[in-house]
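**Q** Below you'll find run-v6.cif; it's mmCIF, C-alpha atoms and all ligand atoms.
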```
data_my_file
loop_
_atom_site.group_PDB
_atom_site.id
_atom_site.type_symbol
_atom_site.label_atom_id
_atom_site.label_comp_id
_atom_site.auth_asym_id
_atom_site.auth_seq_id
_atom_site.Cartn_x
_atom_site.Cartn_y
_atom_site.Cartn_z
ATOM 1 C CA MET Q 1 0.000 0.000 0.000
ATOM 2 C CA ASN Q 2 1.145 3.534 -0.757
ATOM 3 C CA PRO Q 3 1.662 5.151 2.686
ATOM 4 C CA ASP Q 4 0.817 8.562 1.239
ATOM 5 C CA ALA Q 5 -2.506 7.556 -0.304
ATOM 6 C CA ARG Q 6 -5.441 9.694 0.861
ATOM 7 C CA SER Q 7 -7.981 7.930 3.053
ATOM 8 C CA ASP Q 8 -11.690 7.526 2.330
ATOM 9 C CA ALA Q 9 -14.064 9.263 4.750
ATOM 10 C CA SER Q 10 -17.344 7.893 3.418
ATOM 11 C CA GLY Q 11 -17.698 5.007 5.892
ATOM 12 C CA TRP Q 12 -17.039 7.320 8.843
ATOM 13 C CA ASP Q 13 -19.424 9.952 7.504
ATOM 14 C CA ARG Q 14 -22.164 7.319 7.253
ATOM 15 C CA ARG Q 15 -21.494 6.170 10.808
ATOM 16 C CA PHE Q 16 -21.490 9.714 12.195
ATOM 17 C CA SER Q 17 -24.596 10.853 10.266
ATOM 18 C CA LEU Q 18 -26.864 9.120 12.815
ATOM 19 C CA GLU Q 19 -28.369 11.077 15.701
ATOM 20 C CA ALA Q 20 -26.635 9.041 18.443
ATOM 21 C CA TYR Q 21 -22.927 9.406 19.150
ATOM 22 C CA ALA Q 22 -21.252 6.256 17.778
ATOM 23 C CA TYR Q 23 -18.771 5.942 20.675
ATOM 24 C CA GLY Q 24 -20.800 7.863 23.234
ATOM 25 C CA GLU Q 25 -20.483 11.435 24.432
ATOM 26 C CA GLU Q 26 -18.125 10.788 27.341
ATOM 27 C CA PRO Q 27 -14.345 10.791 26.831
ATOM 28 C CA ASN Q 28 -12.399 7.571 26.404
ATOM 29 C CA ALA Q 29 -11.718 6.345 29.967
ATOM 30 C CA TRP Q 30 -7.960 5.762 29.547
ATOM 31 C CA LEU Q 31 -7.385 9.133 27.917
ATOM 32 C CA ALA Q 32 -9.432 10.835 30.624
ATOM 33 C CA GLU Q 33 -7.542 9.086 33.420
ATOM 34 C CA ARG Q 34 -4.155 10.196 32.081
ATOM 35 C CA ILE Q 35 -5.187 13.694 30.989
ATOM 36 C CA LEU Q 36 -6.697 14.487 34.399
ATOM 37 C CA ASP Q 37 -3.177 14.284 35.852
ATOM 38 C CA LEU Q 38 -1.686 16.821 33.409
ATOM 39 C CA LYS Q 39 -1.226 20.478 34.324
ATOM 40 C CA PRO Q 40 -1.213 23.197 33.204
ATOM 41 C CA HIS Q 41 -3.922 22.936 30.582
ATOM 42 C CA GLY Q 42 -2.291 24.106 27.364
ATOM 43 C CA LEU Q 43 -2.812 23.400 23.680
ATOM 44 C CA ALA Q 44 -4.012 19.894 22.842
ATOM 45 C CA LEU Q 45 -4.493 18.017 19.583
ATOM 46 C CA PHE Q 46 -6.977 15.155 19.315
ATOM 47 C CA PRO Q 47 -6.197 13.356 16.042
ATOM 48 C CA ALA Q 48 -9.082 11.346 14.572
ATOM 49 C CA ASP Q 49 -11.476 12.434 17.316
ATOM 50 C CA GLY Q 50 -14.520 11.589 15.200
ATOM 51 C CA GLU Q 51 -17.521 13.185 16.894
ATOM 52 C CA GLY Q 52 -15.241 15.110 19.226
ATOM 53 C CA ARG Q 53 -16.009 13.524 22.599
ATOM 54 C CA ASN Q 54 -12.415 13.663 23.887
ATOM 55 C CA ALA Q 55 -11.772 17.196 22.672
ATOM 56 C CA VAL Q 56 -15.038 18.565 24.063
ATOM 57 C CA TRP Q 57 -14.358 16.981 27.452
ATOM 58 C CA ALA Q 58 -10.807 18.377 27.529
ATOM 59 C CA ALA Q 59 -12.031 21.829 26.507
ATOM 60 C CA GLY Q 60 -14.349 21.676 29.512
ATOM 61 C CA LEU Q 61 -11.288 21.189 31.736
ATOM 62 C CA GLY Q 62 -9.602 24.265 30.275
ATOM 63 C CA TRP Q 63 -7.526 22.772 27.457
ATOM 64 C CA GLN Q 64 -7.434 24.632 24.158
ATOM 65 C CA ALA Q 65 -8.624 21.674 22.093
ATOM 66 C CA ASN Q 66 -7.927 21.085 18.405
ATOM 67 C CA VAL Q 67 -9.112 18.140 16.317
ATOM 68 C CA PHE Q 68 -8.303 16.852 12.881
ATOM 69 C CA ASP Q 69 -10.340 14.041 11.384
ATOM 70 C CA LEU Q 70 -11.471 12.875 7.948
ATOM 71 C CA SER Q 71 -15.167 13.256 8.670
ATOM 72 C CA VAL Q 72 -17.323 16.282 7.842
ATOM 73 C CA GLU Q 73 -20.214 14.627 9.699
ATOM 74 C CA GLY Q 74 -17.924 14.164 12.699
ATOM 75 C CA LYS Q 75 -17.140 17.859 12.645
ATOM 76 C CA GLY Q 76 -20.856 18.726 12.775
ATOM 77 C CA LYS Q 77 -21.434 16.340 15.690
ATOM 78 C CA CYS Q 78 -18.420 17.781 17.538
ATOM 79 C CA GLU Q 79 -19.659 21.326 17.063
ATOM 80 C CA ARG Q 80 -23.094 20.400 18.436
ATOM 81 C CA LEU Q 81 -21.557 18.575 21.427
ATOM 82 C CA ALA Q 82 -19.263 21.531 22.116
ATOM 83 C CA MET Q 83 -22.183 23.947 21.979
ATOM 84 C CA ARG Q 84 -24.160 21.855 24.462
ATOM 85 C CA HIS Q 85 -21.170 21.904 26.819
ATOM 86 C CA GLY Q 86 -20.556 25.622 26.328
ATOM 87 C CA VAL Q 87 -17.010 25.126 25.019
ATOM 88 C CA SER Q 88 -15.261 25.629 21.711
ATOM 89 C CA VAL Q 89 -13.099 23.181 19.769
ATOM 90 C CA LYS Q 90 -11.145 23.922 16.608
ATOM 91 C CA TYR Q 91 -11.952 21.030 14.255
ATOM 92 C CA GLU Q 92 -10.229 20.650 10.890
ATOM 93 C CA VAL Q 93 -11.380 18.076 8.346
ATOM 94 C CA ASP Q 94 -8.022 16.682 7.344
ATOM 95 C CA ASP Q 95 -6.161 13.465 6.569
ATOM 96 C CA LEU Q 96 -3.258 12.231 8.692
ATOM 97 C CA VAL Q 97 -1.206 11.464 5.600
ATOM 98 C CA ALA Q 98 -1.545 14.971 4.177
ATOM 99 C CA ARG Q 99 -1.123 16.964 7.342
ATOM 100 C CA GLY Q 100 2.030 18.846 8.314
ATOM 101 C CA PHE Q 101 3.440 18.371 11.825
ATOM 102 C CA GLU Q 102 6.548 20.547 11.546
ATOM 103 C CA ASN Q 103 5.693 23.029 14.286
ATOM 104 C CA PRO Q 104 6.208 21.797 17.857
ATOM 105 C CA VAL Q 105 3.210 23.575 19.390
ATOM 106 C CA TYR Q 106 1.163 21.032 21.350
ATOM 107 C CA ASP Q 107 1.412 20.216 25.058
ATOM 108 C CA LEU Q 108 -0.677 17.109 24.479
ATOM 109 C CA ILE Q 109 -1.620 14.837 21.590
ATOM 110 C CA ALA Q 110 -4.192 12.169 22.448
ATOM 111 C CA CYS Q 111 -6.207 9.703 20.405
ATOM 112 C CA SER Q 112 -8.511 6.754 20.925
ATOM 113 C CA TRP Q 113 -9.160 3.993 18.395
ATOM 114 C CA PHE Q 114 -7.148 5.651 15.640
ATOM 115 C CA HIS Q 115 -6.586 2.568 13.473
ATOM 116 C CA THR Q 116 -5.058 3.015 10.035
ATOM 117 C CA PRO Q 117 -3.514 0.558 7.567
ATOM 118 C CA SER Q 118 -0.057 -0.398 8.859
ATOM 119 C CA ALA Q 119 1.789 1.228 5.956
ATOM 120 C CA ILE Q 120 0.211 4.580 6.868
ATOM 121 C CA ARG Q 121 0.575 4.045 10.609
ATOM 122 C CA LYS Q 122 4.293 3.220 10.465
ATOM 123 C CA LYS Q 123 5.162 6.474 8.746
ATOM 124 C CA HIS Q 124 2.531 8.973 9.799
ATOM 125 C CA MET Q 125 1.695 8.225 13.447
ATOM 126 C CA PRO Q 126 5.305 8.792 14.562
ATOM 127 C CA ARG Q 127 5.502 11.855 12.303
ATOM 128 C CA MET Q 128 2.611 13.357 14.287
ATOM 129 C CA LEU Q 129 4.793 13.433 17.427
ATOM 130 C CA ASN Q 130 6.956 16.168 15.903
ATOM 131 C CA ALA Q 131 4.076 18.546 16.650
ATOM 132 C CA LEU Q 132 4.640 18.068 20.410
ATOM 133 C CA LYS Q 133 6.529 20.664 22.428
ATOM 134 C CA PRO Q 134 9.495 19.385 24.443
ATOM 135 C CA ASN Q 135 7.969 17.563 27.452
ATOM 136 C CA GLY Q 136 4.653 17.320 25.584
ATOM 137 C CA HIS Q 137 2.577 14.192 26.179
ATOM 138 C CA PHE Q 138 1.281 11.578 23.743
ATOM 139 C CA ILE Q 139 -1.517 9.344 25.009
ATOM 140 C CA MET Q 140 -3.404 6.726 23.033
ATOM 141 C CA GLU Q 141 -5.568 3.639 23.297
ATOM 142 C CA GLY Q 142 -6.242 1.180 20.501
ATOM 143 C CA TYR Q 143 -7.255 -2.420 19.993
ATOM 144 C CA HIS Q 144 -4.498 -5.024 20.279
ATOM 145 C CA THR Q 145 -4.056 -7.827 17.744
ATOM 146 C CA THR Q 146 -5.571 -10.294 20.265
ATOM 147 C CA GLN Q 147 -8.863 -8.369 19.990
ATOM 148 C CA MET Q 148 -9.533 -10.193 16.685
ATOM 149 C CA PRO Q 149 -11.873 -12.926 18.033
ATOM 150 C CA LEU Q 150 -13.638 -10.631 20.518
ATOM 151 C CA THR Q 151 -16.922 -8.841 19.868
ATOM 152 C CA SER Q 152 -16.352 -5.608 21.799
ATOM 153 C CA GLY Q 153 -15.398 -3.532 18.750
ATOM 154 C CA GLY Q 154 -12.448 -2.699 16.571
ATOM 155 C CA PRO Q 155 -11.418 -3.493 13.019
ATOM 156 C CA LYS Q 156 -11.538 -7.125 11.900
ATOM 157 C CA SER Q 157 -8.169 -6.945 10.178
ATOM 158 C CA LEU Q 158 -4.830 -7.806 11.762
ATOM 159 C CA ASP Q 159 -3.178 -5.119 9.646
ATOM 160 C CA LEU Q 160 -5.266 -2.448 11.387
ATOM 161 C CA LEU Q 161 -4.740 -3.737 14.932
ATOM 162 C CA PHE Q 162 -1.805 -2.807 17.168
ATOM 163 C CA ASP Q 163 1.092 -5.027 18.193
ATOM 164 C CA LEU Q 164 2.728 -3.358 21.199
ATOM 165 C CA ASP Q 165 6.400 -3.939 20.367
ATOM 166 C CA GLU Q 166 5.902 -2.920 16.763
ATOM 167 C CA LEU Q 167 3.972 0.221 17.754
ATOM 168 C CA ILE Q 168 6.517 1.332 20.357
ATOM 169 C CA GLY Q 169 9.290 0.682 17.826
ATOM 170 C CA GLU Q 170 7.509 2.997 15.394
ATOM 171 C CA LEU Q 171 6.683 5.727 17.927
ATOM 172 C CA THR Q 172 10.315 5.854 19.063
ATOM 173 C CA GLY Q 173 11.766 5.220 15.599
ATOM 174 C CA PRO Q 174 13.229 7.314 12.783
ATOM 175 C CA PHE Q 175 10.056 9.262 11.893
ATOM 176 C CA ALA Q 176 9.540 10.417 15.502
ATOM 177 C CA PRO Q 177 11.408 12.867 17.726
ATOM 178 C CA LYS Q 178 13.065 11.428 20.838
ATOM 179 C CA MET Q 179 10.317 10.047 23.095
ATOM 180 C CA LYS Q 180 10.428 8.656 26.628
ATOM 181 C CA VAL Q 181 8.060 5.780 27.347
ATOM 182 C CA LEU Q 182 5.996 6.255 30.539
ATOM 183 C CA VAL Q 183 3.403 3.550 29.872
ATOM 184 C CA ALA Q 184 3.267 0.898 27.153
ATOM 185 C CA GLU Q 185 1.014 -2.003 27.995
ATOM 186 C CA VAL Q 186 -1.450 -4.516 26.684
ATOM 187 C CA VAL Q 187 -4.396 -4.981 29.020
ATOM 188 C CA THR Q 188 -7.708 -6.747 29.180
ATOM 189 C CA THR Q 189 -10.349 -4.196 30.031
ATOM 190 C CA VAL Q 190 -14.121 -3.906 29.991
ATOM 191 C CA LEU Q 191 -15.399 -1.222 27.643
ATOM 192 C CA ASN Q 192 -18.709 0.541 28.097
ATOM 193 C CA GLU Q 193 -18.551 3.404 25.581
ATOM 194 C CA SER Q 194 -21.493 2.556 23.319
ATOM 195 C CA ASP Q 195 -23.122 -0.462 21.642
ATOM 196 C CA LEU Q 196 -20.107 -0.554 19.288
ATOM 197 C CA HIS Q 197 -17.543 -0.641 22.110
ATOM 198 C CA ARG Q 198 -18.933 -2.750 24.937
ATOM 199 C CA GLY Q 199 -17.569 -5.763 26.807
ATOM 200 C CA GLU Q 200 -14.227 -7.388 27.465
ATOM 201 C CA ALA Q 201 -11.525 -6.072 25.158
ATOM 202 C CA ARG Q 202 -7.776 -6.386 24.557
ATOM 203 C CA VAL Q 203 -6.185 -2.986 24.164
ATOM 204 C CA VAL Q 204 -2.842 -1.235 23.974
ATOM 205 C CA ARG Q 205 -2.335 1.807 26.181
ATOM 206 C CA ILE Q 206 0.489 4.204 25.532
ATOM 207 C CA HIS Q 207 1.765 7.292 27.314
ATOM 208 C CA LEU Q 208 4.944 8.904 25.991
ATOM 209 C CA VAL Q 209 6.685 12.218 26.677
ATOM 210 C CA ARG Q 210 8.764 14.152 24.191
ATOM 211 C CA ALA Q 211 12.289 13.976 25.518
ATOM 212 C CA ASP Q 212 14.095 16.509 23.325
ATOM 213 C CA GLY Q 213 13.587 19.853 21.675
ATOM 214 C CA ASN Q 214 14.976 18.880 18.327
ATOM 215 C CA GLN Q 215 13.095 17.855 15.245
ATOM 216 C CA ARG Q 216 14.366 15.065 13.082
HETATM 217 C C1 LIG V 1 -13.126 4.404 15.488
HETATM 218 S S1 LIG V 1 -13.246 6.099 15.116
HETATM 219 C C2 LIG V 1 -12.717 6.825 16.639
HETATM 220 C C3 LIG V 1 -13.209 8.218 16.849
HETATM 221 C C4 LIG V 1 -12.769 8.870 18.158
HETATM 222 N N1 LIG V 1 -11.336 8.856 18.313
HETATM 223 C C5 LIG V 1 -13.421 8.250 19.350
HETATM 224 O O1 LIG V 1 -12.769 7.476 20.069
HETATM 225 O O2 LIG V 1 -14.624 8.539 19.566
HETATM 226 C C6 LIG V 1 -11.847 6.361 14.048
HETATM 227 C C7 LIG V 1 -11.727 7.769 13.535
HETATM 228 O O3 LIG V 1 -10.508 7.845 12.792
HETATM 229 C C8 LIG V 1 -10.692 8.763 11.739
HETATM 230 N N2 LIG V 1 -9.649 8.519 10.740
HETATM 231 C C9 LIG V 1 -9.338 7.352 10.151
HETATM 232 N N3 LIG V 1 -8.308 7.510 9.289
HETATM 233 C C10 LIG V 1 -7.945 8.813 9.366
HETATM 234 C C11 LIG V 1 -6.950 9.592 8.716
HETATM 235 N N4 LIG V 1 -6.123 9.054 7.822
HETATM 236 N N5 LIG V 1 -6.868 10.909 9.013
HETATM 237 C C12 LIG V 1 -7.715 11.463 9.914
HETATM 238 N N6 LIG V 1 -8.681 10.765 10.571
HETATM 239 C C13 LIG V 1 -8.796 9.465 10.286
HETATM 240 C C14 LIG V 1 -12.100 8.473 11.261
HETATM 241 O O4 LIG V 1 -12.648 9.529 10.505
HETATM 242 C C15 LIG V 1 -12.814 8.232 12.589
HETATM 243 O O5 LIG V 1 -13.367 9.417 13.088
#
```
Re-express the file's structure as structure tokens.
Ligand SMILES: C[S@@+](CC[C@H](N)C(=O)[O-])C[C@H]1O[C@@H](n2cnc3c(N)ncnc32)[C@H](O)[C@@H]1O

**A**
Amino acid sequence: MNPDARSDASGWDRRFSLEAYAYGEEPNAWLAERILDLKPHGLALFPADGEGRNAVWAAGLGWQANVFDLSVEGKGKCERLAMRHGVSVKYEVDDLVARGFENPVYDLIACSWFHTPSAIRKKHMPRMLNALKPNGHFIMEGYHTTQMPLTSGGPKSLDLLFDLDELIGELTGPFAPKMKVLVAEVVTTVLNESDLHRGEARVVRIHLVRADGNQR
């Protein structure tokens, strides 16, 4: 697969065009747990935040929350959620593969369930970390490869699921700035986000900190 090929938003737009929030309106529990410990509340990027639940929640805490995601429908849902919570979120409809991450401006980058084909992931997820300030945090949760037989959500393709060693190798590899690993684990958890994400699940949880000021 060409790692620079643009991604198709139509499936996500269909999913997000329904009235209900596909993954609920509350933030992802792992992201929330880690983000609650971070101070001060600076500038945060929520890549692939879909309907904006993580960004809206963080904005409510005082973070200046930015999102990029493929989905126009997701943007509309995020704006409505933000309005209901009396906060504002800057949401750009954009593709990971096309986006520039040259400027180290974010105190926090956090994403949940951001699964992309491995060719794209290997190059572009680590590239995203260049947008962190020195000491900026990267927090993510995604489905592990052992999620395959389970029915609590996630893509049914091994290529889209995360292997922990491979992922950490990528996020600390040549496309990324220097990162210190605070948490990198595979856990069995019980999800209760929505009908799509409910029940026992196998997930990877990552928390990294940018350990240098230099871009590669
Ligand atoms: C499973 S949803 C998760 C949404 C959100 N993070 C949450 O937990 O509620 C995956 C999201 O990834 C987005 N996405 C997938 N590939 C992307 C890409 N290449 N660039 C930007 N967003 C992408 C989709 O549009 C979708 O919103």

**Q** Could you check the closest approach to ligand LIG 1 (chain V) for each of Q:Ala119, Q:Val87, Q:Ala98, Q:Ala32 and tell me which residue wins, using only C-alpha atoms and all ligand atoms?

**A** Q:Ala98

**Q** Would you compute, for all listed atoms of ligand LIG 1 (chain V), the axis-aligned bounding box grown by 6 Å on each side, and then report its centre and edge lengths in Å rounded to one decimal, as AutoDock Vina command-line options?

**A**
```
--center_x -10.4 --center_y 7.9 --center_z 13.9 --size_x 20.5 --size_y 19.1 --size_z 24.2
```

**Q** For Asp69 of chain Q, find every residue with an atom within 7 Å (counting all atoms listed in the file), except residues of its own chain fewer than 2 positions away, and show them as a list of chain:residue names.

**A** Q:Pro47, Q:Ala48, Q:Asp49, Q:Gly50, Q:Val67, Q:Ser71, Q:Glu92, Q:Val93, Q:Asp94, Q:Asp95

**Q** Applying 7 Å and all atoms listed in the file, which residues near Leu45 of chain Q remain after dropping the ones on its own chain fewer than 3 positions away? List them as number ranges by chain.

**A** Q: 65-67, 106, 108-110

**Q** Report as a ChimeraX atom specification all protein, DNA and RNA residues lying within 12 Å of Arg121 of chain Q, evaluated on all atoms listed in the file, omitting residues in the same chain fewer than 6 positions from it.

**A** /Q:1-5,96-97,114-115,127-128,159-163,166-171,175

**Q** Written as a PyMOL selection string, which residues does the PyMOL selection byres (((chain Q and resi 8-17) around 6) and not hetatm) give for the file shown?

**A** chain Q and resi 7+18+70-71+73-74

**Q** Take the PyMOL selection byres (((chain Q and resi 133) around 6) and not hetatm), apply it to the structure above, and return the hits as a short mmCIF file (atom, residue, chain, number, x, y, z; two decimals) with C-alpha atoms, keeping the file's coordinate frame.

**A**
```cif
data_model
loop_
_atom_site.label_atom_id
_atom_site.label_comp_id
_atom_site.auth_asym_id
_atom_site.auth_seq_id
_atom_site.Cartn_x
_atom_site.Cartn_y
_atom_site.Cartn_z
CA PRO Q 104 6.21 21.80 17.86
CA VAL Q 105 3.21 23.58 19.39
CA TYR Q 106 1.16 21.03 21.35
CA ASP Q 107 1.41 20.22 25.06
CA LEU Q 132 4.64 18.07 20.41
CA PRO Q 134 9.49 19.39 24.44
CA GLY Q 136 4.65 17.32 25.58
#
```

**Q** Find, counting all atoms listed in the file, the residue in Q:Ile35, Q:Cys111, Q:Leu129, Q:Leu81 that gets nearest to ligand LIG 1 (chain V).

**A**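 The answer is Q:Cys111, which sits nearest to ligand LIG 1 (chain V).
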
**Q** For a quick check of understanding, using only C-alpha atoms, which of Q:Ile206, Q:Leu61, Q:Val183, Q:Ala55 has the smallest distance to Lys75 of chain Q?

**A**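 Counting only C-alpha atoms, the residue closest to Lys75 of chain Q is Q:Ala55.
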
**Q** To one decimal in Å, tell me the separation between atom CA of Gly153 of chain Q and atom CA of Ala22 of chain Q.

**A**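 These atoms are spaced 11.4 Å apart.
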
**Q** Give the answer as one residue: which of Q:Ala44, Q:Leu158, Q:Ala20, Q:Ile120 has the shortest atom-to-atom distance to ligand LIG 1 (chain V), using only C-alpha atoms and all ligand atoms?

**A**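 Once distances to ligand LIG 1 (chain V) are computed over only C-alpha atoms and all ligand atoms, the minimum belongs to Q:Ile120.
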
**Q** Using all atoms listed in the file for the distances, tell me which of Q:Gly62, Q:Gly52, Q:Pro40, Q:Pro149 is nearest to ligand LIG 1 (chain V).

**A** Q:Gly52
